Amino acid sequence: MQNNIIHRLQGQDLSCVRDDRILFEALNFELSAGQVLLLEGENGSGKTSLLRILCGFREPDAGLVLWGGNAINDSQYYDDMAYVGHLDGVKKELTVLENLKVSLALGQTGHYSIPQALAKVLLANFDDALVQSLSAGQKRRLSLARLLITKNTLWILDEPFTSLDKQGISLIESLMTEHCKAGGMIILTSHHDIALPNVDVQRILLS
Amino acid sequence: MSLFYAFLAIIKRDLLLAVRRRTEIANPLLFFILVITLFPLGIGAQPHLLQAIAPGIIWVSALLAAMLSLDSLFRSDFDDGSLEQILLSPYPTSMLVLAKIIAHWLVTGLPLLIVAPLLAVFLGMPTQSLGVLLLTLLLGTPVLSLIGAIGVALTVGLRRGGMILSLLVLPLYVPVLIFAGNAVEMAGSGLPVDAQINILISMLCLSLVLAPWPTAAALKMSVN
């Protein structure tokens with residue numbers, strides 16, 4: 001399932017300045033296979049900014065993000081990562097299936113087929129439903145299904161539990177545990193307490 | 001999965017979205033038809049004058065219709081986060097952006113081509129220039145979409161980018177308007193138009209090759 005390259009994400013001396021306000025500086029971390037990095041902090045403490053830097057949307061004001069020792073703007077990184085942000089990234093005029101087919105075309109085929117992934121996130125009978133008819137929690141589960149159908153090692157999740165019910169939260173937690181067991185890694189922000197038994201969770205508190 | 005497959009998937013997705021939304025196709029087309037049909041009413045019973053300015057009317061309307069449709073190119077993708085997903089794809093963003101531009105042209109540019117001959121006849125344009133009109137539209141409207149894409153990519157992150165967008169792209173549209181309008185006019189008087197057509201072809205090739213890169217770069221800046 002996993003290729004033999006040892007994946008490792010490193011942040012070296014990262015800092016981010018927004019509107020003359022230092023959100024964080026000299027931030028160092030290292031994440032290797034099977035680990036979870038949980039970013040904590042108040043609203044506006046720079047959690048999302050850090051995630052966007054890790055996605056390559058923003059340049060860090062100082063420091064480097066390295067993937068397997070190489071800078072992330074080398075395209076191998078985008079082969080290996082997937083991001084679910086505040087926005088679901090799904091088209092509301094398309095059906096669930098059509099959305100996932102586009103996501104699949106934009107990435108590499110992953111461990112699960114589309115029907116398997118939909119069953120995993122409890123959307124099995126929604127293939128032909130238009131996304132605009134789904135509830136907020138269902139949309140969120142759909143955008144998380146994207147993680148399952150494409151090949152990726154690193155998941156970057158911005159508040160993945162937003163608008164999910166208890167069942168949805170425990171579902172995503174079990175998917176995350178499974179992903180880590182298979183050698184994947186996850187970076188996430190969350191206001192909820194996450195329960196990930198037997199998983200190595202690192203915490204960074206931004207303030 | 002390959003780049004080609006991703007390319008086709010984007011085109012297919014955008015065409016499907018256009019069919020589901022409908023207004024995206026209808027708006028520029030309706031605008032084009034309305035403006036052109038209003039001209040004879042405004043000018044009055046002067047068929048010769050109308051005939052003389054017909055190429056200009058059609059091309060200016062096509063240009064404005066293209067500009068009107070530009071904002072829809074990246075707006076909804078930007079708003080719902082699909083754009084982020086496109087940028088994070090391992091495939092080159094410039095190619096995926098090119099797929100979006102092609103789909104956009106098929107939705108907003110191609111319909112203009114289909115109704116243009118009808119409107120040209122309506123304005124009393126000589127029949128020998130109809131072919132040249134179609135050819136200039138076929139070569140020129142994709143250039144409008146390609147150049148416009150750069151402008152939209154730069155302004156999609158701004159809340160009120162409409163005015164800046166017009167100021168950005170309109171000057172770049174002028175050469176297309178000049179050569180295309182001139183070609184149709186010359187064809188009407190039976191003169192050769194090879195030079196203008198060649199220039200339009202080179203504009204199309206140039207923008208096809210050069211426009212996707214700055215568009216991709218500008219989109220990366222806009223999602224920041």
# chains A, B, ... in the order shown; residues from 1 in each chain; ligands from 1

call {"tool": "closest_atom_pairs", "arguments": {"of": "chain A", "to": "chain B", "cutoff": "9 Å", "atoms": "only C-alpha atoms", "output": "Markdown table"}}
result
| residue | atom | partner | partner_atom | distance |
| --- | --- | --- | --- | --- |
| A:Arg52 | CA | B:Asn224 | CA | 7.9 |
| A:Cys55 | CA | B:Leu88 | CA | 7.6 |
| A:Gly56 | CA | B:Leu88 | CA | 8.5 |
| A:Phe57 | CA | B:Asn224 | CA | 5.3 |
| A:Arg58 | CA | B:Asn224 | CA | 5.4 |
| A:Glu59 | CA | B:Asn224 | CA | 8.6 |
| A:Ser75 | CA | B:Pro90 | CA | 6.2 |
| A:Gln76 | CA | B:Pro90 | CA | 7.4 |
| A:Tyr77 | CA | B:Pro90 | CA | 8.0 |
| A:Tyr78 | CA | B:Pro90 | CA | 4.8 |
| A:Asp79 | CA | B:Pro90 | CA | 5.1 |
| A:Asp80 | CA | B:Pro90 | CA | 8.6 |
| A:Met81 | CA | B:Leu88 | CA | 8.3 |
| A:Ala82 | CA | B:Leu88 | CA | 7.6 |
| A:Tyr83 | CA | B:Gln85 | CA | 7.6 |
| A:Val84 | CA | B:Gln85 | CA | 8.6 |
| A:Gly85 | CA | B:Gly81 | CA | 7.9 |
| A:His86 | CA | B:Gly81 | CA | 8.2 |
| A:Leu87 | CA | B:Gly81 | CA | 5.1 |
| A:Asp88 | CA | B:Gly81 | CA | 6.1 |
| A:Gly89 | CA | B:Gly81 | CA | 4.0 |
| A:Val90 | CA | B:Ser82 | CA | 6.1 |
| A:Lys91 | CA | B:Asp80 | CA | 7.1 |
| A:Lys92 | CA | B:Asp80 | CA | 8.6 |
| A:Glu93 | CA | B:Leu17 | CA | 6.5 |
| A:Leu94 | CA | B:Leu17 | CA | 7.1 |
| A:Glu98 | CA | B:Arg13 | CA | 8.0 |
| A:Asn99 | CA | B:Arg13 | CA | 8.5 |
| A:Lys101 | CA | B:Ala9 | CA | 8.0 |
| A:Val102 | CA | B:Ala9 | CA | 5.9 |
| A:Ser103 | CA | B:Gln85 | CA | 8.0 |
| A:Leu104 | CA | B:Met1 | CA | 8.1 |
| A:Ala105 | CA | B:Ala6 | CA | 4.8 |
| A:Leu106 | CA | B:Ala6 | CA | 5.3 |
| A:Gly107 | CA | B:Ser89 | CA | 6.0 |
| A:Gln108 | CA | B:Met1 | CA | 5.9 |
| A:Thr109 | CA | B:Met1 | CA | 6.9 |

call {"tool": "write_last_selection", "arguments": {"atoms": "N, CA and C atoms", "output": "compact mmCIF listing (two decimals), in the first residue's frame"}}
result
# COMPACT_ATOMS: atom_id res chain seq x y z
N ARG A 52 -2.19 26.84 5.68
CA ARG A 52 -2.11 27.34 4.31
C ARG A 52 -0.65 27.46 3.85
N CYS A 55 0.27 24.04 2.89
CA CYS A 55 -0.31 23.68 1.59
C CYS A 55 0.41 24.38 0.44
N GLY A 56 1.21 25.36 0.76
CA GLY A 56 1.88 26.10 -0.30
C GLY A 56 1.06 27.26 -0.84
N PHE A 57 -0.09 27.56 -0.24
CA PHE A 57 -0.89 28.71 -0.69
C PHE A 57 -0.22 30.02 -0.30
N ARG A 58 0.42 29.99 0.87
CA ARG A 58 1.10 31.18 1.40
C ARG A 58 2.57 30.89 1.51
N GLU A 59 3.38 31.90 1.29
CA GLU A 59 4.80 31.74 1.56
C GLU A 59 5.02 32.07 3.03
N SER A 75 7.00 19.06 -7.18
CA SER A 75 5.64 18.55 -7.38
C SER A 75 5.37 17.22 -6.67
N GLN A 76 6.39 16.52 -6.23
CA GLN A 76 6.18 15.26 -5.51
C GLN A 76 5.26 15.47 -4.30
N TYR A 77 5.43 16.62 -3.65
CA TYR A 77 4.65 16.91 -2.46
C TYR A 77 3.15 16.88 -2.76
N TYR A 78 2.77 17.47 -3.90
CA TYR A 78 1.35 17.54 -4.21
C TYR A 78 0.79 16.19 -4.62
N ASP A 79 1.68 15.26 -4.98
CA ASP A 79 1.25 13.88 -5.20
C ASP A 79 0.86 13.22 -3.89
N ASP A 80 1.47 13.69 -2.80
CA ASP A 80 1.38 12.97 -1.54
C ASP A 80 0.44 13.60 -0.53
N MET A 81 -0.09 14.78 -0.83
CA MET A 81 -0.89 15.44 0.19
C MET A 81 -2.32 15.70 -0.27
N ALA A 82 -3.20 15.88 0.69
CA ALA A 82 -4.57 16.26 0.39
C ALA A 82 -5.02 17.23 1.46
N TYR A 83 -5.86 18.16 1.07
CA TYR A 83 -6.26 19.23 1.98
C TYR A 83 -7.78 19.34 2.02
N VAL A 84 -8.32 19.42 3.21
CA VAL A 84 -9.73 19.76 3.36
C VAL A 84 -9.80 20.99 4.24
N GLY A 85 -10.27 22.07 3.67
CA GLY A 85 -10.24 23.34 4.38
C GLY A 85 -11.60 23.75 4.91
N HIS A 86 -11.73 25.03 5.23
CA HIS A 86 -13.02 25.57 5.68
C HIS A 86 -14.08 25.38 4.62
N LEU A 87 -13.66 25.62 3.36
CA LEU A 87 -14.59 25.46 2.25
C LEU A 87 -14.57 24.00 1.82
N ASP A 88 -15.74 23.48 1.47
CA ASP A 88 -15.80 22.06 1.18
C ASP A 88 -15.13 21.68 -0.14
N GLY A 89 -15.05 22.64 -1.07
CA GLY A 89 -14.42 22.33 -2.34
C GLY A 89 -15.22 21.39 -3.20
N VAL A 90 -16.55 21.39 -3.00
CA VAL A 90 -17.40 20.59 -3.87
C VAL A 90 -18.39 21.52 -4.56
N LYS A 91 -18.83 21.10 -5.74
CA LYS A 91 -19.75 21.93 -6.52
C LYS A 91 -21.17 21.58 -6.16
N LYS A 92 -21.96 22.58 -5.76
CA LYS A 92 -23.29 22.24 -5.29
C LYS A 92 -24.25 21.84 -6.42
N GLU A 93 -23.94 22.23 -7.65
CA GLU A 93 -24.83 21.87 -8.76
C GLU A 93 -24.55 20.47 -9.30
N LEU A 94 -23.48 19.84 -8.82
CA LEU A 94 -23.16 18.50 -9.30
C LEU A 94 -23.59 17.46 -8.28
N GLU A 98 -20.47 12.80 -9.31
CA GLU A 98 -19.76 13.66 -10.27
C GLU A 98 -18.63 14.42 -9.59
N ASN A 99 -18.91 14.91 -8.38
CA ASN A 99 -17.88 15.63 -7.63
C ASN A 99 -16.68 14.74 -7.35
N LYS A 101 -15.75 12.08 -8.92
CA LYS A 101 -15.04 11.70 -10.15
C LYS A 101 -14.05 12.79 -10.55
N VAL A 102 -14.47 14.05 -10.40
CA VAL A 102 -13.55 15.15 -10.71
C VAL A 102 -12.35 15.12 -9.77
N SER A 103 -12.62 14.93 -8.46
CA SER A 103 -11.52 14.88 -7.49
C SER A 103 -10.56 13.76 -7.84
N LEU A 104 -11.13 12.63 -8.25
CA LEU A 104 -10.29 11.48 -8.59
C LEU A 104 -9.43 11.78 -9.81
N ALA A 105 -10.04 12.46 -10.79
CA ALA A 105 -9.29 12.78 -12.01
C ALA A 105 -8.15 13.74 -11.72
N LEU A 106 -8.34 14.59 -10.69
CA LEU A 106 -7.30 15.57 -10.37
C LEU A 106 -6.15 14.98 -9.55
N GLY A 107 -6.34 13.74 -9.05
CA GLY A 107 -5.29 13.14 -8.24
C GLY A 107 -4.92 11.76 -8.76
N GLN A 108 -4.29 10.99 -7.91
CA GLN A 108 -3.94 9.61 -8.27
C GLN A 108 -4.92 8.67 -7.57
N THR A 109 -5.20 7.53 -8.19
CA THR A 109 -6.13 6.59 -7.60
C THR A 109 -5.62 6.10 -6.24

call {"tool": "residues_around", "arguments": {"residues": "His192 in chain A", "least_positions_apart": "5", "cutoff": "10 Å", "atoms": "only C-alpha atoms", "output": "PyMOL selection string"}}
result
chain A and resi 40+159-162+169

call {"tool": "residues_around", "arguments": {"residues": "range 138-151 of chain B", "least_positions_apart": "4", "cutoff": "8 Å", "atoms": "only C-alpha atoms", "output": "number ranges by chain"}}
result
B: 62-63, 66-67, 70, 73, 101-102, 104-105, 109-110, 113, 134, 155, 165, 168-169, 172-173, 176, 180, 200-201, 203-204, 207-208, 211-212, 214-215, 218

call {"tool": "atom_distance", "arguments": {"atom1": "CA of Phe39 in chain B", "atom2": "CA of Pro111 in chain B"}}
result
20.2 Å

call {"tool": "residues_around", "arguments": {"residues": "Ile156 in chain A", "least_positions_apart": "4", "cutoff": "6 Å", "atoms": "only C-alpha atoms", "output": "list in words"}}
result
Tyr83, Ile186, Ile187 and Leu188 of chain A

call {"tool": "write_last_selection", "arguments": {"atoms": "C-alpha atoms", "output": "short mmCIF file (atom, residue, chain, number, x, y, z; two decimals), in the first residue's frame"}}
result
data_model
loop_
_atom_site.label_atom_id
_atom_site.label_comp_id
_atom_site.auth_asym_id
_atom_site.auth_seq_id
_atom_site.Cartn_x
_atom_site.Cartn_y
_atom_site.Cartn_z
CA TYR A 83 -6.26 19.23 1.98
CA ILE A 186 -2.25 14.03 9.54
CA ILE A 187 -2.03 17.68 10.44
CA LEU A 188 -5.20 19.17 11.79
#

call {"tool": "closest_residue", "arguments": {"among": "B:Leu64, B:Val97, B:Ala217, B:Ile197", "to": "Phe31 in chain B", "atoms": "only C-alpha atoms"}}
result
B:Leu64

call {"tool": "residues_around", "arguments": {"residues": "Ser15 in chain A", "least_positions_apart": "3", "cutoff": "8 Å", "atoms": "only C-alpha atoms", "output": "PyMOL selection string"}}
result
chain A and resi 22-27+60-63

call {"tool": "closest_residue", "arguments": {"among": "B:Asp71, B:Ala120, B:Leu49, B:Gly56", "to": "Arg159 in chain B", "atoms": "only C-alpha atoms"}}
result
B:Asp71

call {"tool": "atom_distance", "arguments": {"atom1": "CA of Leu196 in chain A", "atom2": "CA of Ile72 in chain A"}}
result
27.7 Å

call {"tool": "select_by_dssp", "arguments": {"residues": "range 122-186 of chain B", "states": "alpha helix (DSSP H)", "output": "MDAnalysis selection string"}}
result
chainID B and resid 122 130:155 162:186

call {"tool": "select_by_dssp", "arguments": {"residues": "range 2-159 of chain A", "states": "strand (DSSP E or B)", "output": "JSON, numbers by chain"}}
result
{"A": [8, 9, 10, 11, 12, 13, 14, 15, 16, 17, 18, 21, 22, 23, 24, 25, 26, 27, 28, 29, 30, 31, 32, 35, 36, 37, 38, 39, 40, 41, 62, 63, 64, 65, 66, 67, 70, 71, 81, 82, 83, 84, 95, 109, 130, 150, 154, 155, 156, 157, 158]}
